[in-house]
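K.L.:
Below is the file structure_28.tsv, which contains TSV, C-alpha atoms.
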chain	number	residue	atom	x	y	z
A	1	MET	CA	100.80	101.36	116.98
A	2	THR	CA	99.92	97.65	117.08
A	3	THR	CA	100.44	95.72	113.87
A	4	TYR	CA	98.81	92.45	112.91
A	5	HIS	CA	102.10	90.64	113.49
A	6	ASP	CA	102.26	91.86	117.09
A	7	LEU	CA	99.10	89.93	117.88
A	8	THR	CA	98.96	86.35	119.07
A	9	GLY	CA	97.09	83.81	116.95
A	10	PHE	CA	94.22	83.89	119.42
A	11	GLN	CA	93.95	87.68	119.28
A	12	ARG	CA	93.92	87.56	115.47
A	13	ASP	CA	91.14	84.99	115.63
A	14	LEU	CA	89.22	87.20	118.05
A	15	LEU	CA	89.30	90.08	115.57
A	16	GLU	CA	87.92	87.75	112.91
A	17	ALA	CA	85.25	86.47	115.28
A	18	ILE	CA	84.12	90.00	116.13
A	19	ALA	CA	83.83	90.80	112.41
A	20	ALA	CA	81.99	87.55	111.78
A	21	VAL	CA	79.39	87.54	114.53
A	22	ASP	CA	76.28	89.42	113.47
A	23	ASP	CA	74.22	91.69	115.68
A	24	ASP	CA	75.88	92.26	119.03
A	25	PRO	CA	79.14	90.33	119.29
A	26	TYR	CA	79.17	89.71	123.03
A	27	GLY	CA	81.62	87.43	124.81
A	28	LEU	CA	79.58	84.26	124.70
A	29	ALA	CA	78.82	84.60	120.98
A	30	LEU	CA	82.54	85.07	120.28
A	31	LYS	CA	83.34	82.04	122.38
A	32	GLU	CA	80.85	79.94	120.41
A	33	TYR	CA	82.37	81.10	117.11
A	34	LEU	CA	85.87	80.17	118.26
A	35	ASP	CA	84.84	76.92	119.94
A	36	GLU	CA	83.73	75.66	116.53
A	37	ARG	CA	87.24	76.25	115.19
A	38	TYR	CA	89.43	75.23	118.10
A	39	ALA	CA	90.12	71.73	119.38
A	40	GLU	CA	89.40	72.68	122.99
A	41	PRO	CA	86.65	74.93	124.38
A	42	ILE	CA	87.89	78.45	125.00
A	43	ASN	CA	88.57	79.26	128.62
A	44	HIS	CA	86.54	82.29	129.85
A	45	SER	CA	89.43	84.09	131.48
A	46	ARG	CA	91.60	83.63	128.38
A	47	LEU	CA	88.80	85.08	126.27
A	48	TYR	CA	88.19	88.16	128.41
A	49	GLN	CA	91.89	88.84	129.11
A	50	ASN	CA	92.56	88.92	125.39
A	51	LEU	CA	89.50	91.05	124.69
A	52	ASP	CA	90.76	93.51	127.31
A	53	GLN	CA	94.17	93.61	125.64
A	54	LEU	CA	92.59	94.30	122.25
A	55	VAL	CA	90.57	97.13	123.81
A	56	GLU	CA	93.79	98.57	125.30
A	57	GLN	CA	95.43	98.35	121.87
A	58	ALA	CA	92.49	100.34	120.45
A	59	LEU	CA	91.65	97.57	117.99
A	60	ILE	CA	88.18	96.90	119.42
A	61	ASN	CA	85.51	98.84	121.31
A	62	ARG	CA	83.70	97.55	124.36
A	63	ASP	CA	80.14	98.80	124.81
A	64	GLU	CA	77.82	97.87	127.61
A	65	LEU	CA	74.76	95.97	126.36
A	66	ASP	CA	73.28	95.63	129.82
A	67	ALA	CA	74.58	95.45	133.39
A	68	ARG	CA	76.17	92.03	132.80
A	69	THR	CA	76.97	91.97	129.10
A	70	ASN	CA	79.43	93.85	126.92
A	71	ALA	CA	79.37	93.95	123.13
A	72	TYR	CA	82.65	94.15	121.21
A	73	THR	CA	83.08	95.83	117.85
A	74	LEU	CA	86.11	96.56	115.68
A	75	THR	CA	87.56	100.05	115.70
A	76	ASP	CA	88.63	101.55	112.38
A	77	ALA	CA	92.20	100.48	113.16
A	78	GLY	CA	91.09	96.92	113.95
A	79	ARG	CA	89.01	96.71	110.79
A	80	GLN	CA	91.91	98.03	108.74
A	81	LEU	CA	94.30	95.42	110.15
A	82	LEU	CA	91.86	92.63	109.40
A	83	GLN	CA	91.11	93.94	105.92
A	84	HIS	CA	94.80	94.21	105.07
A	85	HIS	CA	95.43	90.70	106.31
A	86	ALA	CA	92.49	89.38	104.27
A	87	GLU	CA	93.97	90.96	101.13
A	88	THR	CA	97.42	89.53	101.84
A	89	LEU	CA	96.05	86.04	102.34
A	90	ALA	CA	93.90	86.26	99.22
A	91	GLN	CA	96.95	87.20	97.15
A	92	LEU	CA	98.91	84.27	98.56
A	93	CYS	CA	96.15	81.92	97.48
A	94	GLU	CA	96.55	82.80	93.82
A	95	ARG	CA	98.35	79.68	92.81
A	96	PRO	CA	99.96	79.41	89.39
A	97	CYS	CA	97.57	77.95	86.87
A	98	LEU	CA	98.92	76.17	83.81
A	99	THR	CA	97.00	76.53	80.60
A	100	ARG	CA	97.63	75.30	77.08
A	101	GLY	CA	100.65	77.15	75.73
A	102	ALA	CA	100.66	79.73	78.50
A	103	GLN	CA	101.84	79.85	82.06
A	104	GLN	CA	100.42	82.43	84.43
B	1	MET	CA	88.70	72.42	114.39
B	2	THR	CA	90.70	73.78	111.45
B	3	ALA	CA	94.40	73.22	110.77
B	4	TRP	CA	94.90	77.00	110.63
B	5	HIS	CA	93.47	77.48	114.12
B	6	THR	CA	95.79	74.86	115.60
B	7	CYS	CA	98.76	76.98	114.51
B	8	THR	CA	100.41	79.62	116.65
B	9	ALA	CA	100.89	83.12	115.26
B	10	LEU	CA	104.51	82.30	114.39
B	11	GLN	CA	103.52	79.09	112.62
B	12	ARG	CA	100.88	81.00	110.61
B	13	ASP	CA	103.40	83.68	109.69
B	14	LEU	CA	105.83	80.99	108.57
B	15	LEU	CA	103.14	79.33	106.45
B	16	LYS	CA	102.42	82.67	104.82
B	17	ALA	CA	106.14	83.28	104.26
B	18	ILE	CA	106.49	79.86	102.61
B	19	ALA	CA	103.49	80.58	100.37
B	20	ASP	CA	104.99	83.96	99.55
B	21	HIS	CA	108.34	82.42	98.61
B	22	ASP	CA	106.56	79.82	96.50
B	23	HIS	CA	104.50	82.55	94.81
B	24	TYR	CA	107.63	84.45	93.77
B	25	ASP	CA	109.63	81.29	93.08
B	26	ARG	CA	112.18	81.98	95.81
B	27	GLU	CA	113.96	79.32	97.80
B	28	ALA	CA	112.26	78.94	101.18
B	29	THR	CA	115.16	77.97	103.43
B	30	ALA	CA	114.79	78.29	107.20
B	31	ASP	CA	117.04	81.36	107.20
B	32	ALA	CA	115.11	83.05	104.39
B	33	LEU	CA	111.81	82.36	106.16
B	34	GLN	CA	113.12	83.68	109.45
B	35	ILE	CA	114.29	86.89	107.76
B	36	ALA	CA	110.93	87.26	106.03
B	37	VAL	CA	108.98	86.92	109.28
B	38	GLU	CA	111.42	89.16	111.17
B	39	THR	CA	111.01	91.81	108.52
B	40	ARG	CA	107.22	91.66	108.80
B	41	ARG	CA	107.34	91.74	112.58
B	42	GLU	CA	110.15	94.27	112.77
B	43	ALA	CA	111.61	92.14	115.54
B	44	THR	CA	114.34	89.54	115.91
B	45	LEU	CA	113.23	85.96	116.43
B	46	ASP	CA	114.97	83.29	118.42
B	47	ASP	CA	116.51	80.75	115.98
B	48	ALA	CA	115.41	77.77	118.07
B	49	HIS	CA	111.88	79.14	118.27
B	50	VAL	CA	111.68	79.29	114.46
B	51	THR	CA	113.17	75.81	114.05
B	52	ASP	CA	110.65	74.39	116.55
B	53	ALA	CA	107.79	76.08	114.73
B	54	LEU	CA	108.92	74.68	111.36
B	55	ASP	CA	109.35	71.22	112.88
B	56	THR	CA	105.80	71.37	114.26
B	57	LEU	CA	104.43	72.43	110.88
B	58	GLU	CA	106.23	69.52	109.27
B	59	ALA	CA	105.02	67.08	111.94
B	60	ASN	CA	101.47	68.31	111.30
B	61	ASP	CA	101.88	67.69	107.56
B	62	LEU	CA	101.45	71.34	106.69
B	63	VAL	CA	104.92	71.74	105.19
B	64	THR	CA	107.53	69.46	103.72
B	65	THR	CA	111.30	69.87	103.24
B	66	THR	CA	113.53	68.92	100.34
B	67	ASP	CA	117.22	69.86	100.39
B	68	GLU	CA	116.59	72.17	103.37
B	69	THR	CA	113.95	74.07	101.40
B	70	TYR	CA	110.40	74.26	102.73
B	71	ALA	CA	107.24	73.96	100.67
B	72	LEU	CA	103.56	73.81	101.57
B	73	THR	CA	101.89	70.43	101.42
B	74	ASP	CA	98.36	70.20	99.99
B	75	ARG	CA	97.14	70.36	103.58
B	76	GLY	CA	99.17	73.53	104.11
B	77	HIS	CA	97.73	75.08	100.94
B	78	ASP	CA	94.24	74.12	102.06
B	79	ALA	CA	94.79	75.65	105.49
B	80	ILE	CA	95.78	79.01	104.00
B	81	THR	CA	93.02	78.92	101.40
B	82	GLN	CA	90.43	78.12	104.05
B	83	ALA	CA	91.68	80.96	106.25
B	84	ALA	CA	91.64	83.34	103.27
B	85	ARG	CA	88.06	82.38	102.37
B	86	SER	CA	86.88	82.73	105.93
B	87	LEU	CA	88.48	86.17	106.28
B	88	ALA	CA	87.21	87.27	102.89
B	89	ILE	CA	83.68	86.48	103.95
B	90	VAL	CA	83.85	88.34	107.25
B	91	THR	CA	85.58	91.37	105.73
B	92	GLY	CA	83.14	91.54	102.83
B	93	HIS	CA	85.68	90.75	100.12
B	94	ASP	CA	84.35	89.43	96.85
B	95	LEU	CA	86.38	86.28	96.37
B	96	VAL	CA	85.74	84.22	93.29
B	97	ALA	CA	86.75	80.57	93.51
B	98	THR	CA	87.30	78.66	90.30
B	99	ASP	CA	86.45	75.00	90.18
B	100	GLY	CA	90.18	74.28	90.52
B	101	GLY	CA	89.98	75.70	94.03
B	102	THR	CA	92.02	78.77	93.16
B	103	THR	CA	91.01	81.94	94.94
B	104	ILE	CA	90.82	85.10	92.86
B	105	PRO	CA	90.67	88.41	94.72
B	106	SER	CA	88.72	90.49	92.20
B	107	HIS	CA	86.74	90.43	88.98
B	108	THR	CA	89.64	92.18	87.24
B	109	ALA	CA	92.00	89.42	88.37
B	110	ALA	CA	89.52	86.87	87.04
B	111	ALA	CA	89.33	88.73	83.71
B	112	THR	CA	93.12	88.80	83.47
B	113	ARG	CA	93.23	85.04	83.92
B	114	LEU	CA	90.52	84.57	81.36
B	115	ASP	CA	92.43	86.76	78.88
B	116	THR	CA	95.55	84.65	79.36
B	117	VAL	CA	93.61	81.49	78.63
B	118	LEU	CA	91.87	83.16	75.67
B	119	GLN	CA	95.16	84.19	74.15
B	120	ALA	CA	96.42	80.62	74.29
B	121	ALA	CA	93.19	79.11	73.04
B	122	GLU	CA	92.43	81.68	70.33
B	123	PRO	CA	93.58	79.60	67.32
B	124	ALA	CA	91.28	76.76	68.33
B	125	LEU	CA	88.19	78.88	68.94
B	126	ALA	CA	85.46	79.83	66.51
B	127	ASP	CA	84.77	83.56	66.09
B	128	ASP	CA	81.47	83.43	67.97
B	129	GLU	CA	83.03	81.47	70.84
B	130	LEU	CA	85.84	83.99	71.05
B	131	ALA	CA	83.40	86.92	71.02
B	132	LEU	CA	81.35	85.32	73.77
B	133	LEU	CA	84.38	84.78	76.02
B	134	GLU	CA	85.65	88.30	75.34
B	135	ALA	CA	82.25	89.60	76.41
B	136	VAL	CA	82.57	87.65	79.66
B	137	SER	CA	86.00	89.19	80.23
B	138	THR	CA	84.61	92.69	79.61
B	139	TYR	CA	81.67	92.00	81.92
B	140	LEU	CA	84.05	90.92	84.70
B	141	ARG	CA	86.17	94.05	84.34
B	142	ASN	CA	83.11	96.30	84.29
B	143	THR	CA	81.68	94.72	87.40
B	144	ASP	CA	84.84	94.82	89.50
B	145	GLY	CA	83.94	95.80	93.04
B	146	PHE	CA	80.25	95.03	92.52
B	147	VAL	CA	78.74	92.42	94.74
B	148	VAL	CA	75.56	91.04	93.25
B	149	GLN	CA	73.44	89.92	96.14
B	150	THR	CA	70.21	87.97	96.08
B	151	HIS	CA	68.24	88.16	92.88
B	152	ALA	CA	65.01	90.05	93.10
B	153	GLU	CA	61.85	88.01	93.13
B	154	PRO	CA	60.61	87.37	89.56
B	155	ALA	CA	57.19	88.89	90.35
B	156	ILE	CA	58.73	92.22	91.38
B	157	ARG	CA	61.01	92.25	88.36
B	158	SER	CA	58.10	91.60	86.07
B	159	HIS	CA	56.02	94.29	87.77
B	160	ALA	CA	58.96	96.70	87.54
B	161	LEU	CA	59.17	96.13	83.77
B	162	ASP	CA	55.43	96.84	83.49
B	163	VAL	CA	55.77	100.05	85.51
B	164	ILE	CA	58.67	101.20	83.31
B	165	ALA	CA	56.75	100.37	80.12
B	166	THR	CA	53.59	102.20	81.17
B	167	SER	CA	55.33	105.35	82.37
B	168	GLU	CA	58.06	105.81	79.80
B	169	ASP	CA	58.10	108.47	77.11
B	170	GLY	CA	60.70	108.94	74.39
B	171	HIS	CA	63.40	109.51	77.01
B	172	GLY	CA	62.44	106.60	79.23
B	173	ALA	CA	60.61	106.42	82.57
B	174	SER	CA	61.70	108.51	85.53
B	175	ALA	CA	63.77	106.19	87.74
B	176	GLY	CA	62.56	108.02	90.85
B	177	ASP	CA	58.88	107.60	89.91
B	178	VAL	CA	59.35	103.91	89.09
B	179	LEU	CA	61.14	103.33	92.37
B	180	ASP	CA	58.43	105.21	94.31
B	181	THR	CA	55.67	103.15	92.71
B	182	LEU	CA	57.38	99.87	93.45
B	183	ALA	CA	58.54	100.90	96.93
B	184	LYS	CA	54.93	101.59	97.99
B	185	GLU	CA	54.09	97.98	97.27
B	186	TYR	CA	57.27	96.07	98.14
B	187	GLY	CA	59.38	98.41	100.26
B	188	ALA	CA	62.33	100.47	99.04
B	189	LYS	CA	65.00	97.79	99.43
B	190	ARG	CA	63.18	95.08	97.47
B	191	ALA	CA	62.17	97.60	94.82
B	192	LEU	CA	65.72	98.88	94.40
B	193	THR	CA	67.07	95.32	94.23
B	194	ALA	CA	64.61	94.55	91.44
B	195	LEU	CA	65.65	97.61	89.43
B	196	LEU	CA	69.36	96.92	89.91
B	197	ASP	CA	68.75	93.35	88.90
B	198	LEU	CA	67.01	94.44	85.68
B	199	LEU	CA	69.95	96.73	84.87
B	200	VAL	CA	72.58	94.08	85.65
B	201	GLN	CA	70.71	91.44	83.67
B	202	GLY	CA	70.33	93.81	80.73
B	203	ASP	CA	66.52	93.84	80.77
B	204	CYS	CA	66.51	97.61	80.97
B	205	TYR	CA	69.02	100.43	80.52
B	206	GLN	CA	69.43	104.09	81.36
B	207	PRO	CA	69.05	106.29	78.24
B	208	GLN	CA	69.66	109.23	80.60
B	209	PRO	CA	71.13	109.16	84.09
B	210	ALA	CA	67.73	109.44	85.82
B	211	THR	CA	65.57	107.42	83.44
B	212	LEU	CA	64.99	103.76	82.73
B	213	ARG	CA	63.88	102.06	79.57
B	214	ARG	CA	63.11	98.46	78.70
B	215	VAL	CA	65.41	97.02	76.07
B	216	ASP	CA	62.48	95.52	74.16
B	217	THR	CA	60.61	98.78	73.60
B	218	ASP	CA	63.02	100.40	71.18
B	219	THR	CA	63.49	97.63	68.63
B	220	ASP	CA	62.01	99.75	65.85
B	221	GLU	CA	64.26	102.71	66.50
B	222	PRO	CA	67.77	103.36	65.16
B	223	GLY	CA	70.18	101.72	67.60
B	224	GLY	CA	67.29	99.80	69.09
B	225	ASP	CA	67.68	96.77	71.33
B	226	ARG	CA	70.47	98.55	73.09
Output the file's structure as structure tokens, nothing else.
P.N.:
Amino acid sequence: MTTYHDLTGFQRDLLEAIAAVDDDPYGLALKEYLDERYAEPINHSRLYQNLDQLVEQALINRDELDARTNAYTLTDAGRQLLQHHAETLAQLCERPCLTRGAQQ
Amino acid sequence: MTAWHTCTALQRDLLKAIADHDHYDREATADALQIAVETRREATLDDAHVTDALDTLEANDLVTTTDETYALTDRGHDAITQAARSLAIVTGHDLVATDGGTTIPSHTAAATRLDTVLQAAEPALADDELALLEAVSTYLRNTDGFVVQTHAEPAIRSHALDVIATSEDGHGASAGDVLDTLAKEYGAKRALTALLDLLVQGDCYQPQPATLRRVDTDTDEPGGDR
């Protein structure tokens, strides 16, 4: 079974993008989401190759929207990976906070 | 472009490992970090690969080293916090950020922090101030897991209170009837939001599981103004 740590940074970001894009997360919408966060525009073949790999790893579903467009959604396993990672990151962000007479 | 997105998966995992070591006050040497990431990945990493990744993080001002121990810079902290916030939003987590920029994963965690501060500040607080802050702590614990969305429009809330007042008997108004009445006019979702809002704000309560009552209609009764 694929774990979050087996994924490349780009694949992790793709999972987040799929969760973030409302309505039908199709390729172009995912590219737009990632383009806002990356220094360079995302190459189409890189995008679709990685989406294919995530489908093969059963982390996302690919459903045909029309003859030319596919929509991508997280599978339960993909959602679980993302959720777990979100919790881990949130815990890491709890920085010690000094208060009068007490240290947390 | 965000600093987090410029990092490779290994660099991100190293940043998280450094934050983790910092969190538990452990020494974040290169070896310790490599072991931590290898354990997570259940795979052996090439030493040079890890060293290169740490060097890149340092060159990008995300980490700093003192006596061969790594620590996050402010930029590194910000990168992780930003990534955590972004993920929390897309996964529907309820993150509460204090004005110090600290991210708190739940209402219970927020209440625990508040209790720690309260304990320290207790001698300096007046009784009413203490009671007020304790009430906030209790409220946070009781609302853990709740996500309060948009507040209902004031007009619907006011109408909902009128509907409850006109249809209640000694046991309150039937919640189903009140919801039906409001839903016909505003739609079920807006009506339900208004009722939940009244309950959360303490404008009405449930004397029985399926009934609603305004808090200002029982002032003359024993235990009134519940």
K.L.:
Using only C-alpha atoms, which of the listed residues (A:Ala39, A:Met1, A:Ala17, A:Leu47) sits closest to chain B?
P.N.:
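For chain B, the nearest of the candidates is A:Ala39.
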K.L.:
Can you work out the spacing between CA of Ala188 in chain B and CA of Gly170 in chain B in Å, to one decimal?
P.N.:
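That distance, rounded to one decimal, is 26.1 Å.
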K.L.:
Please work out which residues fall within 10 Å of (101.3, 83.2, 106.6), coordinates as given in the file, with only C-alpha atoms counting, and return them as a list in words.
P.N.:
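Collected hits near the coordinates: His85, Thr88, Leu89 and Leu92 of chain A; Trp4, Ala9, Leu10, Gln11, Arg12, Asp13, Leu14, Leu15, Lys16, Ala17, Ile18, Ala19, Asp20, Val37, Ile80 and Ala83 of chain B.
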K.L.:
Export C-alpha atoms of the chosen residues as a PDB file, keeping the file's coordinate frame?
P.N.:
ATOM      1  CA  HIS A  85      95.430  90.700 106.310  1.00  0.00           C
ATOM      2  CA  THR A  88      97.420  89.530 101.840  1.00  0.00           C
ATOM      3  CA  LEU A  89      96.050  86.040 102.340  1.00  0.00           C
ATOM      4  CA  LEU A  92      98.910  84.270  98.560  1.00  0.00           C
TER       5      LEU A  92
ATOM      6  CA  TRP B   4      94.900  77.000 110.630  1.00  0.00           C
ATOM      7  CA  ALA B   9     100.890  83.120 115.260  1.00  0.00           C
ATOM      8  CA  LEU B  10     104.510  82.300 114.390  1.00  0.00           C
ATOM      9  CA  GLN B  11     103.520  79.090 112.620  1.00  0.00           C
ATOM     10  CA  ARG B  12     100.880  81.000 110.610  1.00  0.00           C
ATOM     11  CA  ASP B  13     103.400  83.680 109.690  1.00  0.00           C
ATOM     12  CA  LEU B  14     105.830  80.990 108.570  1.00  0.00           C
ATOM     13  CA  LEU B  15     103.140  79.330 106.450  1.00  0.00           C
ATOM     14  CA  LYS B  16     102.420  82.670 104.820  1.00  0.00           C
ATOM     15  CA  ALA B  17     106.140  83.280 104.260  1.00  0.00           C
ATOM     16  CA  ILE B  18     106.490  79.860 102.610  1.00  0.00           C
ATOM     17  CA  ALA B  19     103.490  80.580 100.370  1.00  0.00           C
ATOM     18  CA  ASP B  20     104.990  83.960  99.550  1.00  0.00           C
ATOM     19  CA  VAL B  37     108.980  86.920 109.280  1.00  0.00           C
ATOM     20  CA  ILE B  80      95.780  79.010 104.000  1.00  0.00           C
ATOM     21  CA  ALA B  83      91.680  80.960 106.250  1.00  0.00           C
TER      22      ALA B  83
END
K.L.:
Can you work out the spacing between CA of Asp169 in chain B and CA of Thr181 in chain B in Å, to one decimal?
P.N.:
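Result for CA of Asp169 in chain B versus CA of Thr181 in chain B: 16.7 Å, one decimal.
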K.L.:
Let me make sure I understand: among A:Arg62, A:Arg37, A:Arg12, A:Lys31, which one has the smallest atom-to-atom distance to chain B if we use only C-alpha atoms?
P.N.:
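Selected residue with least distance to chain B: A:Arg37.
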K.L.:
Dump as a tab-separated table the rows for residues of chain A within 6 Å of chain B: closest atom pair and distance in Å with one decimal, all atoms listed in the file counted, ordered by chain and rising residue number.
P.N.:
residue	atom	partner	partner_atom	distance
A:His5	CA	B:Arg41	CA	5.4
A:Thr8	CA	B:Ala9	CA	5.4
A:Gly9	CA	B:Ala9	CA	4.2
A:Ala19	CA	B:Val90	CA	5.7
A:Ala20	CA	B:Val90	CA	5.0
A:Arg37	CA	B:Met1	CA	4.2
A:Tyr38	CA	B:Met1	CA	4.7
A:Ala39	CA	B:Met1	CA	5.2
A:Ala86	CA	B:Leu87	CA	5.5
A:Leu89	CA	B:Ala84	CA	5.3
A:Ala90	CA	B:Ala84	CA	5.5
A:Cys93	CA	B:Thr103	CA	5.7
A:Glu94	CA	B:Thr103	CA	5.7
A:Gly101	CA	B:Ala120	CA	5.7
K.L.:
Taking every listed atom of range 13-32 of chain A and adding 8 Å to each side, what centre and edge lengths in Å (one decimal) does the axis-aligned box have, as JSON?
P.N.:
{"center_x": 82.7, "center_y": 86.1, "center_z": 118.3, "size_x": 32.9, "size_y": 28.3, "size_z": 29.0}
K.L.:
Tell me, in Å to one decimal, how far CA of Asp52 in chain A is from CA of Asp22 in chain A.
P.N.:
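Pair CA of Asp52 in chain A / CA of Asp22 in chain A returns 20.4 Å.
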K.L.:
From the list A:Thr2, A:Asn70, A:Thr75, A:Ser45, which residue is nearest Leu15 in chain A when using all atoms listed in the file?
P.N.:
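Checking each of A:Thr2, A:Asn70, A:Thr75, A:Ser45 against Leu15 in chain A, counting all atoms listed in the file, the winner is A:Thr75.
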K.L.:
What's around Val21 in chain A at 9 Å? Count all atoms listed in the file, leave out sequence neighbours fewer than 5 positions away in its own chain, and write the answer as a PDB file with C-alpha atoms, in the frame of the given file.
P.N.:
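Written out: part_35.pdb:
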ATOM      1  CA  GLU A  16      87.920  87.750 112.910  1.00  0.00           C
ATOM      2  CA  TYR A  26      79.170  89.710 123.030  1.00  0.00           C
ATOM      3  CA  ALA A  29      78.820  84.600 120.980  1.00  0.00           C
ATOM      4  CA  LEU A  30      82.540  85.070 120.280  1.00  0.00           C
ATOM      5  CA  TYR A  33      82.370  81.100 117.110  1.00  0.00           C
TER       6      TYR A  33
ATOM      7  CA  VAL B  90      83.850  88.340 107.250  1.00  0.00           C
TER       8      VAL B  90
END
K.L.:
Do a neighbour search on Leu212 in chain B at 7 Å with only C-alpha atoms, toss out local chain neighbours closer than 3 positions, and write the hits as a PyMOL selection string.
P.N.:
chain B and resi 164+172-175+204-207
K.L.:
Between B:Leu125, B:Ala194, B:Ala36, B:Leu62, which one has atoms that come closest to Ser158 in chain B, using all atoms listed in the file?
P.N.:
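Smallest distance to Ser158 in chain B is found for B:Ala194.
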K.L.:
For Asp31 in chain B, please output as a list in words all residues within 12 Å (counting only C-alpha atoms; exclusion window: fewer than 3 positions along the same chain).
P.N.:
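Using only C-alpha atoms, the neighbours found are Leu14, Ala17, Ile18, Glu27, Ala28, Gln34, Ile35, Ala36, Val37, Glu38, Leu45, Asp46, Asp47, Ala48, Val50, Thr51, Leu54, Glu68, Thr69 and Tyr70 of chain B.
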K.L.:
Using only C-alpha atoms, give me every residue within 8 Å of (100.5, 70.8, 101.5) in file coordinates, as a PyMOL selection string.
P.N.:
chain B and resi 61-64+71-78
K.L.:
Restricting the calculation to only C-alpha atoms, which member of A:Leu28, A:Ala71, A:Asp6, A:Leu59 is positioned closest to His44 in chain A?
P.N.:
A:Leu28
K.L.:
Name the residues in contact with Gln49 in chain A at a cut-off of 12 Å, using all atoms listed in the file, excluding same-chain residues fewer than 6 positions from it; report them as JSON, numbers by chain.
P.N.:
{"A": [10, 11, 14, 27, 42, 43, 55, 56]}
K.L.:
Which residue gives the smallest distance to Ala160 in chain B among B:Leu199, B:Leu114, B:Leu140, B:Ala124, with only C-alpha atoms counted?
P.N.:
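Ranked by minimum distance to Ala160 in chain B, first place goes to B:Leu199.
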